[in-house]
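First up is the structure itself, then whatever we jot down about it.
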Amino acid sequence: MTLREYHRPTNIEEASELLARKNISSQPVLLGTYPIPLHERKWEAAIDLSQIGLAYINTDETDLIRVGSLTSLQELVNAEPIQKYANGILSYAAQIATHRGLRNLASVSGTLLSVKSSPELCLALMILEANAICYPDNVYEFPIQPIDLNPDSIITEIRIPIQSVNTSLERVSRTPLDKSIVCSAVALAIQEDNITDIRIAISGISEQPIAIQTIDSSIVNLSSSKMKGMMYEAIKDSADHKYSDYLGSTEYRIEIATILTVRAIKKILSKQ
Amino acid sequence: MDIKFNLNGTDTTLTCAPNESLLAVLRRNRLWSVKHGCETGECGACSVLIDGKLSPTCVLLSGQVQGKTIETLEGITHRHKLNPIQEAFVDTGAIQCGYCTPAMILATKELLDKNADPTEHEARDALSGVLCRCTGYIKPVQAVLRAAKLIRGEKPPPIERTGIPVRDIYLTDEPKIPDFPDSLQSSGNVLTEPRVDISTITTTETTDVVGHPEPKVDAVRLAKGRPVFTDDIELPNMLHAALLTSPHAHARITNIDTSKALSIPGVHAVLTYADIPRVIYASGGQSYPNPPPWDQVSLDSKVRYVGDRVAVLAAETSDIALEALKHIEVDYEVLPAVFEAEEALKYDAPQIHDEPDAVSIASPERNLAAEIKANIGDLEQGITDSDHVYERTYKVHQVQQGHIEPHVVVTYWDEEDRLVIRSSTQVPFHVRRMIAPLLNLPVKRIRVIKPRLGGGFGGKQEMLIEDLCAHLTLATGRPVRFEYSRELEFTSSRSRHPQTLTYRAGVMNDGTLNALDLHIVENTGAYGTHGLTVCSVSGMRGLATYRCPNMRFLGEVVYTNIPIPGAYRGYGAPQAEFALECLMDEIALDMKIDPIDFRTHNAVQEGDPIPITGAIGEGEAIDDSDIEPQIVTSCALTDCINIGQEEIEWSRKKDIAWKIDEDRPYIRRGLGIAVCMHGTAIPGLDMGAASIKINDDGSFNVLVGATDLGTGSDTVLAQIAAETLGVPLEDILVYSSDTDFTPFDTGAYASSTTFISGGAVHKAAIEVREQIFDRASLMLDTKPNDMKIHDRHVYSINGSSVSLSEIALHSLHTENQQQIMATASHMSLYSPPPFAVQYAEVEVDTETGQVTVIKLVMTVDCGTAINPITSEGQIDGGMVQALGYAISEEMPYDVNGNSLVTRFGDYRIYQADEMPELVSILVPSYEPNGPYGAKAVAEIPMNGVAPAVANAIYDAVGIRARELPFTPERIWKALHNHNKS
């Protein structure tokens with residue numbers, strides 16, 4: 001299938017209409033951290049969203065950070081409010097997602113739609129309880145799979161509620177900045193110095209990142225061995241037991257996810 | 001569609017197809033500094049600045065830059081001067097092959113435009129978007145920081161002259177490059193005999209060029225992004241080739257129909273096995289006659305791995321060519337496949353080579369491509385007599401050279417109907433000879449031109465795609481360009497041989513090695529190519545470093561259905577030295593001997609023979625009465641050990657507090673060592689030649705067949721010529737290599753160029769100098785033997801002088817006219833070993849198994865470093881390739897033999913921003929057989945990192961990692977097993 005049309009719509013409605021056409025295979029031009037070679041892409045019309053104004057970071061509101069879906073990863077790295085919020089986990093996640101050149105090009109939505117190579121940003125957004133806003137009118141939780149979206153849907157914005165949370169992100173990889181084999185992100189919600197909630201998101205134990213929802217905040221009061229035991233069971237229950245590759249077996253991934261998650265919790269607690 | 005943007009300061013409108021990448025559009029418009037390295041944005045070689053931001057262009061559609069501002073290297077380059085960033089890259093030696101240099105310079109510009117005072121961390125982050133396979137990033141980072149100083153208006157410090165103080169160590173008057181002096185021939189291969197005395201070199205003179213960190217002779221053109229590489233050319237009517245590869249690991253082609261592909265407009269030829277003559281050959285770029293087995297044909301009716309050749313075609317554009325591939329219809333009879341060498345040797349394994357016309361396969365029924373046996377002394381008796389016996393098995397894996405410039409070739413008929421092959425090859429002369437019978441053309445009708453290489457590392461010591469491209473030119477009569485995609489590099493190129501190495505060692509109570517037995521089973525994939533010679537080098541390197549009276553080697557080279565391994569920097573040594581240096585550690589620790597003491601007690605020293613070199617030749621076992629073993633004629637191993645020990649702070653091994661991290665209790669630290677030894681060229685086989693001629697102004701053309709693949713060998717050869725001819729480096733114009741215009745050279749491999757080609761340049765320069773003296777004696781009326789050449793002048797003993805330009809004009813125009821010129825060849829029966837010691841500091845995460853290398857120190861005795869900066873660069877870059885070999889790089893397959901890694905991102909070459917600290921130290925020695933005392937440096941940095949890291953892991957956590965790479969799960973499992981036991 002050869003690309004034969006290139007469109008630069010100037011508003012979201014026009015973009016959506018172009019994507020909705022039935023007689024031609026259309027896709028938005030989105031770059032993530034794991035680009036598919038151009039000659040392998042199966043599309044006939046490319047819809048360039050760059051004229052719509054979706055690249056921004058808005059921190060004007062007291063309870064919400066808005067990140068335009070075409071904001072580049074490098075802009076997330078550079079933005080001071082992002083660096084300061086929630087221990088800078090979003091900024092860090094963007095930084096380690098890929099190298100400088102691709103960070104300049106890769107958009108937030110492009111990255112979130114191809115999480116297998118660099119799931120850290122998605123994990124961070126999951127534990128921050130962020131949502132993706134899509135045109136026309138859907139709201140999605142993370143992770144988002146391309147198949148979840150209607151053909152004419154366009155992710156326009158990521159909304160990150162501002163909360164009192166401490167976070168940590170732990171990963172294992174071949175080299176320090178290689179894609180993670182397993183990665184665990186943890187957020188502890190704090191109210192008046194009390195831990196009121198724990199949120200855990202893990203990649204590398206299934207095709208898509210997974211939120212571990214069976215663990216509550218009381219786990220922080222357990223001994224290391226009990227915490228590890230409970231975490232192991234929860235992760236084992238959530239994991240895809242067929243998920244493995246040359247970088248890690250299922251057994252390894254579940255075990256390491258447990259270790260990294262406990263490590264992340266302890267790291268947060270040690271800084272409380 | 002039309003795209004409007006600002007290109008290098010000029011508003012530009014270009015017409016593009018919607019599917020055209022920005023990379024293609026820019027190169028189509030002759031912005032040659034924008035390089036193709038991959039199709040996934042992961043190597044960054046194609047990066048430009050878009051609105052001031054570094055951006056890989058291979059993943060961008062041209063339409064995406066509408067209204068933007070684009071800067072390429074051409075846009076920031078002045079014709080006659082360098083900008084501060086370019087100047088810094090040239091001065092620091094940050095440019096090796098130069099293929100990634102344009103992108104690195106732009107990455108630096110992006111950073112410095114916003115921040116003129118960056119930290120090293122920021123410099124590394126800026127460079128992280130550009131993979132460099134040559135430099136190890138040290139010198140590029142130095143270049144960024146130096147450029148920042150220049151931009152800030154500060155005076156940068158002078159370039160550190162960290163090289164050896166060559167000015168005082170040798171005599172330069174006369175050549176000292178004998179082929180094999182009598183004094184060394186009497187030594188047998190029995191190690192208990194007294195060592196040969198090595199004569200000391202008298203020192204009376206100093207050098208002006210040799211031993212100095214001169215900028216590379218090609219650095220300026222590379223810093224300017226000039227069109228110097230194979231693909232930087234545009235020929236009228238050029239067609240583009242594409243290759244159809246096998247989807248099956250083992251199959252017969254029962255039917256192939258190309259008619260639909262041929263009917264596509266723009267397709268000019270489709271070739272299959274039915275269209276070209278069947279000529280058996282071996283594709284490894286080696287001297288005549290190519291070592292066996294000869295088991296390949298250009299296109300066959302049987303495929304033997306996923307990625308094997310099926311058909312090749314030529315079309316008007318790359319897009320048409322790729323589309324046409326989909327329309328070639330092939331029916332396969334799929335055959336059982338085998339991927340592990342040990343499995344392939346079994347009696348019921350599928351036979352991979354059953355063709356009747358293959359030549360010299362050791363045992364096709366057993367899938368045994370070749371077998372090598374060698375004996376020194378009496379191994380079994382030695383084992384019996386030993387106080388301690390150890391048997392250990394090690395496994396090493398398949399990795400890719402990963403040169404950023406893919407294989408690329410352009411073929412065309414010239415005006416005399418001679419076939420020109422413009423190729424990114426390390427072996428232009430071998431290619432010319434080897435391709436002639438495949439094309440049914442005489443050698444004299446073929447010309448091979450080697451432009452600049454964007455890295456090779458052995459991957460281009462192969463006639464990989466030249467034959468297919470040439471067949472298409474023969475078929476169409478038109479120029480054809482054929483370039484591999486990155487995916488093809490992974491599936492259909494060459495790689496390092498996986499091996500299983502089993503050692504048996506007998507050791508006496510006092511720590512003396514008494515017997516050493518090495519059995520290697522090597523997986524050579526679907527074809528033999530370099531399989532035999534790599535395995536023989538493994539045997540040689542695995543049994544050379546330590547004195548031992550009883551040794552035995554058995555090498556079995558086995559066919560399987562994996563993509564073909566070939567030559568890769570180190571050529572069998574990294575495999576063998578991983579096993580050997582792990583074994584040495586294991587023995588020492590078991591016998592409670594300090595590992596360094598154990599090594600120094602047994603290591604060969606200056607004057608020692610190396611018996612195994614008399615028992616294993618180039619690709620074969622030889623009668624040890626025929627060939628004398630090599631002698632160690634220079635060795636600074638002890639200094640290497642001591643200097644490195646200090647740099648790595650070896651005493652920390654005993655410091656428990658250092659080994660444990662209080663803040664991260666799951667971390668353990670360790671230090672490891674590995675001794676390395678390599679060869680310098682293939683003795684009695686490698687030959688290089690050089691021609692030197694004087695020009696009217698007293699400058700010299702140096703024509704060499706040697707192939708600079710980014711190592712800086714053109715510079716080193718020029719330095720040797722300049723030193724000998726008494727001129728500055730800028731007066732030497734090096735041209736390499738073109739089979740029509742330069743003399744023969746075997747090519748760039750086996751760490752031979754400085755030693756062999758340098759020897760030829762040295763000889764030719766001496767001969768030219770003699771002619772200059774003769775002419776000067778005529779002009780000055782004095783005797784030629786009373787003269788010195790220096791500072792562009794010839795001085796007589798009575799104080800009179802004449803300039804080289806006056807001599808040139810006199811000889812070319814005035815009296816007894818003569819072109820002062822000479823051609824010389826050099827080969828050597830010596831292969832003087834360089835030595836090195838590799839130290840590694842690691843952290844092991846005891847819970848996850850992740851190994852993080854914190855620091856690597858390599859001390860290298862390469863004799864005289866003709867150019868310390870390029871020598872250091874070789875070590876820096878080699879260590880990083882070796883680090884990838886140890887930690888991250890691998891080529892896994894699924895159960896059907898499909899490669900699971902087809903892109904850089906999955907393969908994982910270290911980036912600039914995740915590197916350990918690297919320290920490269922040149923330790924001086926003087927090699928009497930090398931030009932100006934030089935021996936090799938290019939390959940030895942590959943050999944030590946993996947075993948040093950393995951030994952450091954043991955030091956940290958007490959587990960013995962005997963299989964590469966040290967991926968987290970592999971170490972984690974070993975930790976678990978260790979804890980259980």
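Letters A, B, ... mark the chains of the structure tokens in the order given; residue numbers begin at 1 per chain; ligand numbers begin at 1, in order shown.
With only C-alpha atoms taken into account, chain B has Pro18, Asn19, Glu39, Thr40, Gly41, Gly44, Lys53, Leu54, Ser55, Pro56, Val59, Asp125, Ala126, Ser128, Gly129, Thr848, Gln850, Ile887, Ser888, Pro892, Arg908, Glu914, Thr967, Pro968 and Glu969 of chain B at most 7 Å from chain A.
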Same residues, N, CA and C atoms, saved as a short mmCIF file (atom, residue, chain, number, x, y, z; two decimals), in the first residue's frame:
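Saved file selection11.cif follows:
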```cif
data_model
loop_
_atom_site.label_atom_id
_atom_site.label_comp_id
_atom_site.auth_asym_id
_atom_site.auth_seq_id
_atom_site.Cartn_x
_atom_site.Cartn_y
_atom_site.Cartn_z
N PRO B 18 4.56 11.89 -2.01
CA PRO B 18 4.06 11.89 -0.63
C PRO B 18 4.79 10.89 0.27
N ASN B 19 5.24 9.78 -0.33
CA ASN B 19 5.84 8.74 0.50
C ASN B 19 7.35 8.91 0.63
N GLU B 39 16.60 2.77 9.08
CA GLU B 39 15.30 3.27 8.61
C GLU B 39 14.39 3.56 9.79
N THR B 40 14.95 3.55 11.00
CA THR B 40 14.12 3.64 12.20
C THR B 40 14.51 4.79 13.12
N GLY B 41 15.35 5.67 12.66
CA GLY B 41 15.72 6.84 13.47
C GLY B 41 16.62 6.51 14.64
N GLY B 44 20.71 7.76 13.97
CA GLY B 44 20.86 9.21 13.96
C GLY B 44 21.80 9.75 12.90
N LYS B 53 16.44 21.80 16.10
CA LYS B 53 16.45 20.57 16.89
C LYS B 53 16.94 19.39 16.06
N LEU B 54 17.81 18.62 16.67
CA LEU B 54 18.35 17.45 15.97
C LEU B 54 17.23 16.45 15.67
N SER B 55 17.13 16.06 14.43
CA SER B 55 16.01 15.20 14.03
C SER B 55 16.45 14.19 12.99
N PRO B 56 16.29 12.92 13.28
CA PRO B 56 16.58 11.92 12.24
C PRO B 56 15.60 12.05 11.08
N VAL B 59 12.90 8.81 9.29
CA VAL B 59 11.56 8.48 9.76
C VAL B 59 10.56 9.60 9.50
N ASP B 125 24.34 13.82 26.60
CA ASP B 125 22.92 13.77 26.24
C ASP B 125 22.72 14.28 24.81
N ALA B 126 23.42 15.36 24.48
CA ALA B 126 23.28 15.93 23.14
C ALA B 126 23.72 14.93 22.07
N SER B 128 23.68 11.74 22.36
CA SER B 128 23.03 10.43 22.50
C SER B 128 22.23 10.05 21.26
N GLY B 129 21.85 11.06 20.48
CA GLY B 129 21.04 10.77 19.29
C GLY B 129 21.83 10.28 18.10
N THR B 848 18.33 -8.38 40.67
CA THR B 848 17.83 -8.44 39.29
C THR B 848 18.81 -9.07 38.31
N GLN B 850 21.21 -7.45 36.91
CA GLN B 850 21.74 -6.45 35.98
C GLN B 850 23.19 -6.13 36.32
N ILE B 887 27.81 -7.34 27.24
CA ILE B 887 26.63 -6.96 28.04
C ILE B 887 25.31 -7.03 27.28
N SER B 888 25.27 -6.50 26.07
CA SER B 888 23.94 -6.27 25.49
C SER B 888 23.71 -6.84 24.11
N PRO B 892 19.45 -13.06 18.50
CA PRO B 892 18.60 -14.23 18.78
C PRO B 892 17.67 -14.56 17.60
N ARG B 908 20.92 -2.94 20.51
CA ARG B 908 21.47 -2.14 21.59
C ARG B 908 22.99 -1.98 21.58
N GLU B 914 25.26 6.72 28.25
CA GLU B 914 25.15 5.60 29.19
C GLU B 914 26.48 4.85 29.32
N THR B 967 23.46 -10.92 30.26
CA THR B 967 22.16 -10.26 30.36
C THR B 967 21.60 -10.48 31.76
N PRO B 968 20.69 -9.61 32.16
CA PRO B 968 20.23 -9.69 33.55
C PRO B 968 19.72 -11.08 33.95
N GLU B 969 18.90 -11.70 33.11
CA GLU B 969 18.34 -12.98 33.55
C GLU B 969 19.44 -14.05 33.68
#
```
Can you list, as an MDAnalysis selection string, every protein, DNA or RNA residue that comes within 10 Å of B:Val408 when you count only C-alpha atoms, leaving out same-chain residues fewer than 6 positions away?
chainID B and resid 229:231 422:425 453 460 464:466 469 481:485
Could the residues in this selection be saved with C-alpha atoms as a compact mmCIF listing (two decimals), in the first residue's frame?
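Output file out-v8.txt follows:
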```txt
# COMPACT_ATOMS: atom_id res chain seq x y z
CA PHE B 229 31.60 7.88 0.65
CA THR B 230 30.50 5.24 -1.83
CA ASP B 231 26.92 6.41 -2.08
CA ARG B 422 32.61 1.47 -6.54
CA SER B 423 32.29 -0.30 -3.24
CA SER B 424 32.47 0.21 0.46
CA THR B 425 34.92 -2.64 0.88
CA LEU B 453 34.38 3.68 4.38
CA LYS B 460 33.36 -5.50 4.67
CA LEU B 464 29.00 -9.49 -0.01
CA ILE B 465 26.89 -7.77 -2.63
CA GLU B 466 29.28 -6.66 -5.37
CA CYS B 469 25.08 -5.53 -8.38
CA ARG B 481 23.26 1.05 -7.02
CA PHE B 482 22.72 -1.56 -4.33
CA GLU B 483 22.57 -0.64 -0.68
CA TYR B 484 21.57 -2.86 2.21
CA SER B 485 18.86 -1.74 4.57
```
For B:Pro428, please output as a ChimeraX atom specification all residues within 7 Å (counting only C-alpha atoms; exclusion window: fewer than 4 positions along the same chain).
/B:432,448-450,739
Residue neighbourhood B:Asn514, 7 Å, only C-alpha atoms, exclusion window fewer than 3 positions, as a list in words
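Within the cut-off, the hits are Gly382, Ser386, Gly506, Val507, Met508, Cys548, Pro549 and Asn550 of chain B.
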As an MDAnalysis selection string, which residues of stretch 180-375 of chain B does DSSP assign to strand (DSSP E)?
chainID B and resid 239:245 251:257 267:271 302:303 309:315 329:334 368:375
Name the residues of stretch 399-496 of chain B that come out as alpha helix (DSSP H) in a backbone DSSP run; write them as JSON, numbers by chain.
{"B": [428, 429, 430, 431, 432, 433, 434, 435, 436, 437, 438, 439, 466, 467, 468, 469, 470, 471, 472, 473, 474, 475, 476, 486, 487, 488, 489, 490, 491, 492]}
Mind writing the picked residues with N, CA and C atoms as an mmCIF file, in the first residue's frame?
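out26.cif written:
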```cif
data_model
loop_
_atom_site.group_PDB
_atom_site.id
_atom_site.type_symbol
_atom_site.label_atom_id
_atom_site.label_comp_id
_atom_site.auth_asym_id
_atom_site.auth_seq_id
_atom_site.Cartn_x
_atom_site.Cartn_y
_atom_site.Cartn_z
ATOM 1 N N PRO B 428 39.480 -4.224 -1.732
ATOM 2 C CA PRO B 428 39.193 -3.963 -3.150
ATOM 3 C C PRO B 428 39.935 -4.907 -4.094
ATOM 4 N N PHE B 429 41.179 -5.243 -3.776
ATOM 5 C CA PHE B 429 41.928 -6.103 -4.701
ATOM 6 C C PHE B 429 41.409 -7.544 -4.663
ATOM 7 N N HIS B 430 41.027 -8.005 -3.488
ATOM 8 C CA HIS B 430 40.432 -9.343 -3.425
ATOM 9 C C HIS B 430 39.105 -9.381 -4.188
ATOM 10 N N VAL B 431 38.318 -8.323 -4.035
ATOM 11 C CA VAL B 431 37.024 -8.284 -4.726
ATOM 12 C C VAL B 431 37.245 -8.385 -6.234
ATOM 13 N N ARG B 432 38.225 -7.637 -6.743
ATOM 14 C CA ARG B 432 38.464 -7.666 -8.198
ATOM 15 C C ARG B 432 38.805 -9.090 -8.657
ATOM 16 N N ARG B 433 39.694 -9.732 -7.910
ATOM 17 C CA ARG B 433 40.113 -11.079 -8.311
ATOM 18 C C ARG B 433 38.979 -12.084 -8.160
ATOM 19 N N MET B 434 38.252 -11.978 -7.040
ATOM 20 C CA MET B 434 37.224 -12.986 -6.742
ATOM 21 C C MET B 434 35.988 -12.855 -7.622
ATOM 22 N N ILE B 435 35.686 -11.611 -8.016
ATOM 23 C CA ILE B 435 34.434 -11.413 -8.763
ATOM 24 C C ILE B 435 34.600 -11.769 -10.237
ATOM 25 N N ALA B 436 35.833 -11.706 -10.736
ATOM 26 C CA ALA B 436 36.060 -11.910 -12.178
ATOM 27 C C ALA B 436 35.461 -13.225 -12.691
ATOM 28 N N PRO B 437 35.743 -14.365 -12.050
ATOM 29 C CA PRO B 437 35.153 -15.604 -12.584
ATOM 30 C C PRO B 437 33.631 -15.652 -12.453
ATOM 31 N N LEU B 438 33.087 -14.989 -11.451
ATOM 32 C CA LEU B 438 31.626 -15.016 -11.302
ATOM 33 C C LEU B 438 30.953 -14.274 -12.453
ATOM 34 N N LEU B 439 31.637 -13.255 -12.959
ATOM 35 C CA LEU B 439 31.055 -12.454 -14.041
ATOM 36 C C LEU B 439 31.539 -12.911 -15.410
ATOM 37 N N GLU B 466 28.723 -7.180 -4.120
ATOM 38 C CA GLU B 466 29.280 -6.657 -5.372
ATOM 39 C C GLU B 466 28.891 -7.524 -6.560
ATOM 40 N N ASP B 467 28.864 -8.837 -6.368
ATOM 41 C CA ASP B 467 28.564 -9.725 -7.489
ATOM 42 C C ASP B 467 27.138 -9.527 -7.992
ATOM 43 N N LEU B 468 26.198 -9.366 -7.076
ATOM 44 C CA LEU B 468 24.799 -9.200 -7.508
ATOM 45 C C LEU B 468 24.615 -7.885 -8.256
ATOM 46 N N CYS B 469 25.208 -6.839 -7.730
ATOM 47 C CA CYS B 469 25.076 -5.529 -8.381
ATOM 48 C C CYS B 469 25.710 -5.575 -9.779
ATOM 49 N N ALA B 470 26.886 -6.204 -9.844
ATOM 50 C CA ALA B 470 27.571 -6.291 -11.139
ATOM 51 C C ALA B 470 26.757 -7.111 -12.131
ATOM 52 N N HIS B 471 26.156 -8.187 -11.684
ATOM 53 C CA HIS B 471 25.307 -8.978 -12.582
ATOM 54 C C HIS B 471 24.166 -8.123 -13.136
ATOM 55 N N LEU B 472 23.634 -7.237 -12.323
ATOM 56 C CA LEU B 472 22.543 -6.377 -12.802
ATOM 57 C C LEU B 472 23.040 -5.371 -13.828
ATOM 58 N N THR B 473 24.247 -4.865 -13.624
ATOM 59 C CA THR B 473 24.814 -3.970 -14.637
ATOM 60 C C THR B 473 25.086 -4.747 -15.933
ATOM 61 N N LEU B 474 25.559 -5.969 -15.793
ATOM 62 C CA LEU B 474 25.770 -6.795 -16.983
ATOM 63 C C LEU B 474 24.444 -7.038 -17.709
ATOM 64 N N ALA B 475 23.399 -7.241 -16.925
ATOM 65 C CA ALA B 475 22.102 -7.565 -17.517
ATOM 66 C C ALA B 475 21.438 -6.360 -18.152
ATOM 67 N N THR B 476 21.656 -5.175 -17.588
ATOM 68 C CA THR B 476 20.924 -3.991 -18.059
ATOM 69 C C THR B 476 21.802 -3.034 -18.859
ATOM 70 N N ARG B 486 19.109 -1.585 6.970
ATOM 71 C CA ARG B 486 19.625 -2.068 8.265
ATOM 72 C C ARG B 486 19.104 -3.473 8.555
ATOM 73 N N GLU B 487 17.858 -3.734 8.169
ATOM 74 C CA GLU B 487 17.323 -5.069 8.403
ATOM 75 C C GLU B 487 18.146 -6.113 7.662
ATOM 76 N N LEU B 488 18.499 -5.824 6.417
ATOM 77 C CA LEU B 488 19.335 -6.778 5.673
ATOM 78 C C LEU B 488 20.707 -6.934 6.326
ATOM 79 N N GLU B 489 21.215 -5.855 6.905
ATOM 80 C CA GLU B 489 22.491 -5.988 7.615
ATOM 81 C C GLU B 489 22.385 -7.043 8.714
ATOM 82 N N PHE B 490 21.237 -7.069 9.373
ATOM 83 C CA PHE B 490 21.072 -8.053 10.453
ATOM 84 C C PHE B 490 20.760 -9.454 9.922
ATOM 85 N N THR B 491 20.008 -9.524 8.815
ATOM 86 C CA THR B 491 19.570 -10.849 8.381
ATOM 87 C C THR B 491 20.479 -11.467 7.324
ATOM 88 N N SER B 492 21.163 -10.631 6.549
ATOM 89 C CA SER B 492 21.812 -11.168 5.352
ATOM 90 C C SER B 492 23.233 -10.656 5.170
#
```
List as a list in words the protein and nucleic acid residues near B:Glu770, meaning an atom at most 12 Å away when only C-alpha atoms are counted, but skip any in the same chain fewer than 2 places from it.
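The residues that qualify are Asp173, Glu174, Thr724, Leu725, Lys763, Ala764, Ala765, Ile766, Glu767, Val768, Ile772, Phe773, Asp774, Arg775, Ala776, Ser777, Lys783, Pro784, Asn785, Asp786, Met787, Lys788, Ile789, Val794, Ile820, Met821 and Ala822 of chain B.
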d(atom CA of B:Thr13, atom CA of B:His240) in Å:
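That distance, rounded to one decimal, is 25.7 Å.
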